[in-house]
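*Asks:* Sharing a structure here in structure tokens format.
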Number of protein chains: 2
Amino acid sequence: MGFAETFKALSDPTRREILNLLKSGPLTAGEIVDQFDMTGASISHHLSVLKNAGAIDDEKKGKFIYYYLNSSVLDDVLNWLLSLKGGTTDEK
Amino acid sequence: MGFAETFKALSDPTRREILNLLKSGPLTAGEIVDQFDMTGASISHHLSVLKNAGAIDDEKKGKFIYYYLNSSVLDDVLNWLLSLKGGTTDEK
DNA sequence: TTATCATTTAGATATTTTTCTAAATATCTT
DNA sequence: AAGATATTTAGAAAAATATCTAAATGATAA
């Protein structure tokens, strides 16, 4: 909740790659772990950072937890960047 | 030079505020320091982080150093975010 | 050329972050 | 119920970050 969290979340390469993976559709935590050379605990931490920033959401389905992109927070960041560049935004 | 540096640079509120200030035009280091309740040394550090990320440039003029926005790196970040949201970008 | 002003660099400390291993929780299967 | 699977939580260590004070650099002014 806030730009600091969002930008911090995006500043880690593992987390950016996770978002890229989720671009194609939801994945379980385990499927995400499989894409990295890192323990599940570490990926779990990254997922919680992303979730805390609002960049992803999750949904439990039985034994699995599915993660998926939530682009609304990314929209906010996008608008902030746009407004820095000239004010093509809300401008309220 | 890279998304990590850029996002890290943007993750600090002081640095985001500096960028906002520079949106209206160049300022000297001292003028920037005046806007914050923080030592010149600390602001100098933030300026160097921003510069290292490519978000600002500087130009020495006599006793002063002027800082100004460089939005080209911000464009890169912007495009990365856009591509995450659907691929309205270069997509190369 | 000495003093002053603008800014950065150096060094220190406290906090945050990343990653690991080990343990805990929750769910499914037998 | 016991065992196996999926994922998170706890706790620790190493590295990075933000901030401060004090000192260094560079440029103007007296």
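Residue numbers start at 1 in each chain; chains themselves are named A, B, ... in the order of the structure tokens; ligands are numbered from 1 in the order shown.
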Mind fitting chain B onto chain A over all Cα atoms in sequence order and sending the result as an mmCIF file with N, CA and C atoms, in the first residue's frame?

*Replies:*
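Final file, part_25.cif:
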data_model
loop_
_atom_site.group_PDB
_atom_site.id
_atom_site.type_symbol
_atom_site.label_atom_id
_atom_site.label_comp_id
_atom_site.auth_asym_id
_atom_site.auth_seq_id
_atom_site.Cartn_x
_atom_site.Cartn_y
_atom_site.Cartn_z
ATOM 1 N N MET B 1 1.001 -1.074 0.621
ATOM 2 C CA MET B 1 0.059 -0.067 0.083
ATOM 3 C C MET B 1 0.702 1.294 -0.003
ATOM 4 N N GLY B 2 1.264 1.613 -1.100
ATOM 5 C CA GLY B 2 1.986 2.856 -1.263
ATOM 6 C C GLY B 2 3.103 2.635 -2.265
ATOM 7 N N PHE B 3 3.572 3.727 -2.829
ATOM 8 C CA PHE B 3 4.584 3.610 -3.866
ATOM 9 C C PHE B 3 5.859 2.961 -3.352
ATOM 10 N N ALA B 4 6.220 3.252 -2.110
ATOM 11 C CA ALA B 4 7.454 2.682 -1.585
ATOM 12 C C ALA B 4 7.415 1.162 -1.691
ATOM 13 N N GLU B 5 6.354 0.558 -1.176
ATOM 14 C CA GLU B 5 6.229 -0.906 -1.226
ATOM 15 C C GLU B 5 6.271 -1.412 -2.670
ATOM 16 N N THR B 6 5.553 -0.718 -3.524
ATOM 17 C CA THR B 6 5.472 -1.194 -4.901
ATOM 18 C C THR B 6 6.834 -1.142 -5.584
ATOM 19 N N PHE B 7 7.491 0.001 -5.477
ATOM 20 C CA PHE B 7 8.802 0.113 -6.127
ATOM 21 C C PHE B 7 9.811 -0.831 -5.498
ATOM 22 N N LYS B 8 9.737 -0.981 -4.188
ATOM 23 C CA LYS B 8 10.646 -1.911 -3.529
ATOM 24 C C LYS B 8 10.390 -3.321 -4.051
ATOM 25 N N ALA B 9 9.124 -3.654 -4.169
ATOM 26 C CA ALA B 9 8.772 -4.982 -4.678
ATOM 27 C C ALA B 9 9.354 -5.186 -6.073
ATOM 28 N N LEU B 10 9.275 -4.153 -6.890
ATOM 29 C CA LEU B 10 9.738 -4.276 -8.274
ATOM 30 C C LEU B 10 11.256 -4.186 -8.403
ATOM 31 N N SER B 11 11.929 -3.817 -7.345
ATOM 32 C CA SER B 11 13.370 -3.619 -7.436
ATOM 33 C C SER B 11 14.165 -4.922 -7.394
ATOM 34 N N ASP B 12 13.511 -6.013 -7.084
ATOM 35 C CA ASP B 12 14.224 -7.295 -7.038
ATOM 36 C C ASP B 12 13.999 -8.096 -8.319
ATOM 37 N N PRO B 13 15.086 -8.578 -8.931
ATOM 38 C CA PRO B 13 14.991 -9.289 -10.213
ATOM 39 C C PRO B 13 14.149 -10.559 -10.131
ATOM 40 N N THR B 14 14.262 -11.267 -9.019
ATOM 41 C CA THR B 14 13.454 -12.475 -8.868
ATOM 42 C C THR B 14 11.968 -12.115 -8.896
ATOM 43 N N ARG B 15 11.631 -11.054 -8.187
ATOM 44 C CA ARG B 15 10.224 -10.664 -8.137
ATOM 45 C C ARG B 15 9.730 -10.162 -9.494
ATOM 46 N N ARG B 16 10.575 -9.442 -10.213
ATOM 47 C CA ARG B 16 10.149 -9.001 -11.550
ATOM 48 C C ARG B 16 9.922 -10.211 -12.449
ATOM 49 N N GLU B 17 10.781 -11.208 -12.290
ATOM 50 C CA GLU B 17 10.625 -12.408 -13.117
ATOM 51 C C GLU B 17 9.336 -13.149 -12.744
ATOM 52 N N ILE B 18 9.026 -13.172 -11.463
ATOM 53 C CA ILE B 18 7.772 -13.805 -11.030
ATOM 54 C C ILE B 18 6.588 -13.113 -11.711
ATOM 55 N N LEU B 19 6.601 -11.800 -11.729
ATOM 56 C CA LEU B 19 5.513 -11.065 -12.378
ATOM 57 C C LEU B 19 5.432 -11.410 -13.851
ATOM 58 N N ASN B 20 6.586 -11.513 -14.475
ATOM 59 C CA ASN B 20 6.620 -11.892 -15.879
ATOM 60 C C ASN B 20 5.991 -13.256 -16.111
ATOM 61 N N LEU B 21 6.308 -14.192 -15.232
ATOM 62 C CA LEU B 21 5.745 -15.530 -15.347
ATOM 63 C C LEU B 21 4.221 -15.475 -15.216
ATOM 64 N N LEU B 22 3.766 -14.678 -14.274
ATOM 65 C CA LEU B 22 2.326 -14.620 -14.011
ATOM 66 C C LEU B 22 1.561 -13.882 -15.105
ATOM 67 N N LYS B 23 2.311 -13.190 -15.938
ATOM 68 C CA LYS B 23 1.673 -12.481 -17.051
ATOM 69 C C LYS B 23 0.890 -13.459 -17.931
ATOM 70 N N SER B 24 1.405 -14.671 -18.051
ATOM 71 C CA SER B 24 0.764 -15.678 -18.906
ATOM 72 C C SER B 24 -0.373 -16.410 -18.237
ATOM 73 N N GLY B 25 -0.586 -16.148 -16.955
ATOM 74 C CA GLY B 25 -1.676 -16.818 -16.241
ATOM 75 C C GLY B 25 -1.241 -17.264 -14.859
ATOM 76 N N PRO B 26 -2.220 -17.650 -14.042
ATOM 77 C CA PRO B 26 -1.941 -18.040 -12.660
ATOM 78 C C PRO B 26 -1.013 -19.252 -12.573
ATOM 79 N N LEU B 27 -0.237 -19.302 -11.505
ATOM 80 C CA LEU B 27 0.636 -20.440 -11.232
ATOM 81 C C LEU B 27 0.585 -20.741 -9.738
ATOM 82 N N THR B 28 0.850 -21.985 -9.389
ATOM 83 C CA THR B 28 0.940 -22.321 -7.971
ATOM 84 C C THR B 28 2.318 -21.906 -7.456
ATOM 85 N N ALA B 29 2.408 -21.791 -6.137
ATOM 86 C CA ALA B 29 3.688 -21.458 -5.521
ATOM 87 C C ALA B 29 4.768 -22.432 -5.989
ATOM 88 N N GLY B 30 4.422 -23.703 -6.021
ATOM 89 C CA GLY B 30 5.392 -24.721 -6.416
ATOM 90 C C GLY B 30 5.864 -24.564 -7.847
ATOM 91 N N GLU B 31 4.939 -24.237 -8.740
ATOM 92 C CA GLU B 31 5.313 -24.031 -10.141
ATOM 93 C C GLU B 31 6.255 -22.847 -10.265
ATOM 94 N N ILE B 32 6.034 -21.844 -9.441
ATOM 95 C CA ILE B 32 6.917 -20.683 -9.458
ATOM 96 C C ILE B 32 8.293 -21.070 -8.925
ATOM 97 N N VAL B 33 8.298 -21.797 -7.804
ATOM 98 C CA VAL B 33 9.569 -22.243 -7.219
ATOM 99 C C VAL B 33 10.404 -22.990 -8.261
ATOM 100 N N ASP B 34 9.728 -23.836 -9.051
ATOM 101 C CA ASP B 34 10.432 -24.636 -10.059
ATOM 102 C C ASP B 34 11.222 -23.806 -11.065
ATOM 103 N N GLN B 35 10.809 -22.557 -11.246
ATOM 104 C CA GLN B 35 11.478 -21.717 -12.248
ATOM 105 C C GLN B 35 12.751 -21.074 -11.727
ATOM 106 N N PHE B 36 13.022 -21.246 -10.431
ATOM 107 C CA PHE B 36 14.171 -20.553 -9.849
ATOM 108 C C PHE B 36 15.095 -21.514 -9.121
ATOM 109 N N ASP B 37 16.322 -21.102 -9.017
ATOM 110 C CA ASP B 37 17.313 -21.881 -8.300
ATOM 111 C C ASP B 37 17.406 -21.313 -6.882
ATOM 112 N N MET B 38 16.353 -21.538 -6.128
ATOM 113 C CA MET B 38 16.224 -20.888 -4.827
ATOM 114 C C MET B 38 15.249 -21.726 -4.001
ATOM 115 N N THR B 39 15.392 -21.690 -2.693
ATOM 116 C CA THR B 39 14.502 -22.512 -1.873
ATOM 117 C C THR B 39 13.064 -22.005 -1.932
ATOM 118 N N GLY B 40 12.139 -22.905 -1.612
ATOM 119 C CA GLY B 40 10.729 -22.529 -1.543
ATOM 120 C C GLY B 40 10.482 -21.439 -0.517
ATOM 121 N N ALA B 41 11.236 -21.501 0.565
ATOM 122 C CA ALA B 41 11.065 -20.492 1.611
ATOM 123 C C ALA B 41 11.394 -19.098 1.080
ATOM 124 N N SER B 42 12.450 -19.020 0.283
ATOM 125 C CA SER B 42 12.836 -17.719 -0.264
ATOM 126 C C SER B 42 11.790 -17.198 -1.243
ATOM 127 N N ILE B 43 11.327 -18.088 -2.112
ATOM 128 C CA ILE B 43 10.292 -17.678 -3.065
ATOM 129 C C ILE B 43 9.031 -17.268 -2.310
ATOM 130 N N SER B 44 8.710 -18.007 -1.281
ATOM 131 C CA SER B 44 7.535 -17.679 -0.480
ATOM 132 C C SER B 44 7.657 -16.250 0.066
ATOM 133 N N HIS B 45 8.872 -15.926 0.505
ATOM 134 C CA HIS B 45 9.115 -14.571 0.991
ATOM 135 C C HIS B 45 8.868 -13.546 -0.123
ATOM 136 N N HIS B 46 9.395 -13.816 -1.309
ATOM 137 C CA HIS B 46 9.211 -12.882 -2.420
ATOM 138 C C HIS B 46 7.728 -12.744 -2.772
ATOM 139 N N LEU B 47 7.023 -13.861 -2.729
ATOM 140 C CA LEU B 47 5.585 -13.801 -3.021
ATOM 141 C C LEU B 47 4.872 -12.930 -2.001
ATOM 142 N N SER B 48 5.295 -13.030 -0.757
ATOM 143 C CA SER B 48 4.612 -12.236 0.257
ATOM 144 C C SER B 48 4.922 -10.747 0.096
ATOM 145 N N VAL B 49 6.135 -10.449 -0.364
ATOM 146 C CA VAL B 49 6.463 -9.041 -0.634
ATOM 147 C C VAL B 49 5.597 -8.519 -1.781
ATOM 148 N N LEU B 50 5.479 -9.305 -2.824
ATOM 149 C CA LEU B 50 4.656 -8.902 -3.973
ATOM 150 C C LEU B 50 3.190 -8.750 -3.579
ATOM 151 N N LYS B 51 2.736 -9.681 -2.764
ATOM 152 C CA LYS B 51 1.342 -9.630 -2.337
ATOM 153 C C LYS B 51 1.093 -8.408 -1.466
ATOM 154 N N ASN B 52 2.033 -8.162 -0.576
ATOM 155 C CA ASN B 52 1.925 -7.012 0.311
ATOM 156 C C ASN B 52 1.906 -5.695 -0.457
ATOM 157 N N ALA B 53 2.608 -5.690 -1.569
ATOM 158 C CA ALA B 53 2.641 -4.490 -2.402
ATOM 159 C C ALA B 53 1.376 -4.392 -3.245
ATOM 160 N N GLY B 54 0.601 -5.462 -3.272
ATOM 161 C CA GLY B 54 -0.631 -5.466 -4.062
ATOM 162 C C GLY B 54 -0.430 -5.841 -5.516
ATOM 163 N N ALA B 55 0.775 -6.312 -5.853
ATOM 164 C CA ALA B 55 1.061 -6.638 -7.247
ATOM 165 C C ALA B 55 0.517 -8.004 -7.657
ATOM 166 N N ILE B 56 0.275 -8.861 -6.675
ATOM 167 C CA ILE B 56 -0.318 -10.165 -6.960
ATOM 168 C C ILE B 56 -1.397 -10.476 -5.924
ATOM 169 N N ASP B 57 -2.269 -11.406 -6.293
ATOM 170 C CA ASP B 57 -3.252 -11.932 -5.353
ATOM 171 C C ASP B 57 -3.094 -13.433 -5.328
ATOM 172 N N ASP B 58 -3.697 -14.065 -4.324
ATOM 173 C CA ASP B 58 -3.623 -15.519 -4.304
ATOM 174 C C ASP B 58 -4.983 -16.107 -3.965
ATOM 175 N N GLU B 59 -5.098 -17.371 -4.267
ATOM 176 C CA GLU B 59 -6.347 -18.078 -4.017
ATOM 177 C C GLU B 59 -5.990 -19.519 -3.692
ATOM 178 N N LYS B 60 -6.472 -19.973 -2.568
ATOM 179 C CA LYS B 60 -6.160 -21.333 -2.159
ATOM 180 C C LYS B 60 -7.149 -22.291 -2.818
ATOM 181 N N LYS B 61 -6.608 -23.381 -3.376
ATOM 182 C CA LYS B 61 -7.472 -24.401 -3.966
ATOM 183 C C LYS B 61 -6.945 -25.745 -3.512
ATOM 184 N N GLY B 62 -7.575 -26.279 -2.472
ATOM 185 C CA GLY B 62 -7.107 -27.544 -1.915
ATOM 186 C C GLY B 62 -5.699 -27.415 -1.420
ATOM 187 N N LYS B 63 -4.846 -28.276 -1.890
ATOM 188 C CA LYS B 63 -3.479 -28.317 -1.407
ATOM 189 C C LYS B 63 -2.640 -27.161 -1.957
ATOM 190 N N PHE B 64 -3.111 -26.548 -3.015
ATOM 191 C CA PHE B 64 -2.306 -25.552 -3.726
ATOM 192 C C PHE B 64 -2.754 -24.118 -3.467
ATOM 193 N N ILE B 65 -1.829 -23.215 -3.681
ATOM 194 C CA ILE B 65 -2.169 -21.795 -3.664
ATOM 195 C C ILE B 65 -1.822 -21.226 -5.029
ATOM 196 N N TYR B 66 -2.806 -20.665 -5.665
ATOM 197 C CA TYR B 66 -2.572 -20.053 -6.970
ATOM 198 C C TYR B 66 -2.284 -18.575 -6.807
ATOM 199 N N TYR B 67 -1.289 -18.137 -7.553
ATOM 200 C CA TYR B 67 -0.944 -16.721 -7.559
ATOM 201 C C TYR B 67 -1.243 -16.136 -8.931
ATOM 202 N N TYR B 68 -1.734 -14.920 -8.932
ATOM 203 C CA TYR B 68 -1.970 -14.245 -10.218
ATOM 204 C C TYR B 68 -1.711 -12.750 -10.109
ATOM 205 N N LEU B 69 -1.409 -12.174 -11.240
ATOM 206 C CA LEU B 69 -1.125 -10.738 -11.334
ATOM 207 C C LEU B 69 -2.319 -9.893 -10.919
ATOM 208 N N ASN B 70 -2.043 -8.788 -10.282
ATOM 209 C CA ASN B 70 -3.061 -7.777 -10.033
ATOM 210 C C ASN B 70 -2.497 -6.457 -10.542
ATOM 211 N N SER B 71 -2.951 -6.043 -11.703
ATOM 212 C CA SER B 71 -2.282 -4.899 -12.333
ATOM 213 C C SER B 71 -2.756 -3.539 -11.844
ATOM 214 N N SER B 72 -3.746 -3.514 -10.951
ATOM 215 C CA SER B 72 -4.251 -2.193 -10.554
ATOM 216 C C SER B 72 -3.205 -1.357 -9.834
ATOM 217 N N VAL B 73 -2.384 -1.998 -9.030
ATOM 218 C CA VAL B 73 -1.328 -1.241 -8.366
ATOM 219 C C VAL B 73 -0.277 -0.784 -9.372
ATOM 220 N N LEU B 74 -0.028 -1.651 -10.344
ATOM 221 C CA LEU B 74 0.932 -1.289 -11.378
ATOM 222 C C LEU B 74 0.428 -0.085 -12.165
ATOM 223 N N ASP B 75 -0.886 0.001 -12.314
ATOM 224 C CA ASP B 75 -1.473 1.169 -12.974
ATOM 225 C C ASP B 75 -1.136 2.442 -12.223
ATOM 226 N N ASP B 76 -1.231 2.379 -10.910
ATOM 227 C CA ASP B 76 -0.921 3.558 -10.103
ATOM 228 C C ASP B 76 0.513 4.022 -10.344
ATOM 229 N N VAL B 77 1.424 3.045 -10.312
ATOM 230 C CA VAL B 77 2.830 3.359 -10.544
ATOM 231 C C VAL B 77 3.016 3.954 -11.933
ATOM 232 N N LEU B 78 2.357 3.347 -12.869
ATOM 233 C CA LEU B 78 2.427 3.811 -14.248
ATOM 234 C C LEU B 78 1.983 5.269 -14.353
ATOM 235 N N ASN B 79 0.894 5.576 -13.701
ATOM 236 C CA ASN B 79 0.391 6.945 -13.753
ATOM 237 C C ASN B 79 1.333 7.915 -13.059
ATOM 238 N N TRP B 80 1.939 7.459 -11.987
ATOM 239 C CA TRP B 80 2.903 8.330 -11.312
ATOM 240 C C TRP B 80 4.047 8.667 -12.257
ATOM 241 N N LEU B 81 4.537 7.650 -12.945
ATOM 242 C CA LEU B 81 5.632 7.866 -13.888
ATOM 243 C C LEU B 81 5.207 8.787 -15.024
ATOM 244 N N LEU B 82 4.008 8.582 -15.511
ATOM 245 C CA LEU B 82 3.516 9.423 -16.596
ATOM 246 C C LEU B 82 3.431 10.875 -16.151
ATOM 247 N N SER B 83 2.943 11.090 -14.942
ATOM 248 C CA SER B 83 2.768 12.462 -14.479
ATOM 249 C C SER B 83 4.124 13.138 -14.301
ATOM 250 N N LEU B 84 5.137 12.346 -14.001
ATOM 251 C CA LEU B 84 6.474 12.889 -13.877
ATOM 252 C C LEU B 84 6.976 13.409 -15.222
ATOM 253 N N LYS B 85 6.508 12.784 -16.252
ATOM 254 C CA LYS B 85 6.979 13.098 -17.602
ATOM 255 C C LYS B 85 6.172 14.154 -18.322
ATOM 256 N N GLY B 86 5.305 14.833 -17.650
ATOM 257 C CA GLY B 86 4.616 15.874 -18.414
ATOM 258 C C GLY B 86 3.178 16.100 -18.028
ATOM 259 N N GLY B 87 2.588 15.199 -17.301
ATOM 260 C CA GLY B 87 1.232 15.454 -16.834
ATOM 261 C C GLY B 87 0.143 15.000 -17.769
ATOM 262 N N THR B 88 0.326 13.859 -18.419
ATOM 263 C CA THR B 88 -0.718 13.293 -19.268
ATOM 264 C C THR B 88 -1.749 12.548 -18.415
ATOM 265 N N THR B 89 -1.674 12.777 -17.086
ATOM 266 C CA THR B 89 -2.495 11.961 -16.197
ATOM 267 C C THR B 89 -3.586 12.746 -15.489
ATOM 268 N N ASP B 90 -4.283 12.076 -14.650
ATOM 269 C CA ASP B 90 -5.354 12.613 -13.823
ATOM 270 C C ASP B 90 -5.074 14.038 -13.348
ATOM 271 N N GLU B 91 -3.874 14.155 -12.779
ATOM 272 C CA GLU B 91 -3.432 15.488 -12.399
ATOM 273 C C GLU B 91 -4.281 16.147 -11.321
ATOM 274 N N LYS B 92 -4.994 15.382 -10.555
ATOM 275 C CA LYS B 92 -5.878 15.974 -9.524
ATOM 276 C C LYS B 92 -5.076 16.566 -8.378
#

*Asks:* So which residues of chain B fall under strand (DSSP E or B) by DSSP, listed as a list in words?

*Replies:*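 Assigned to strand (DSSP E or B), within chain B: Leu27, Thr28, Ile56, Asp57, Asp58, Glu59, Lys60, Lys61, Phe64, Ile65, Tyr66, Tyr67, Tyr68 and Leu69 of chain B.
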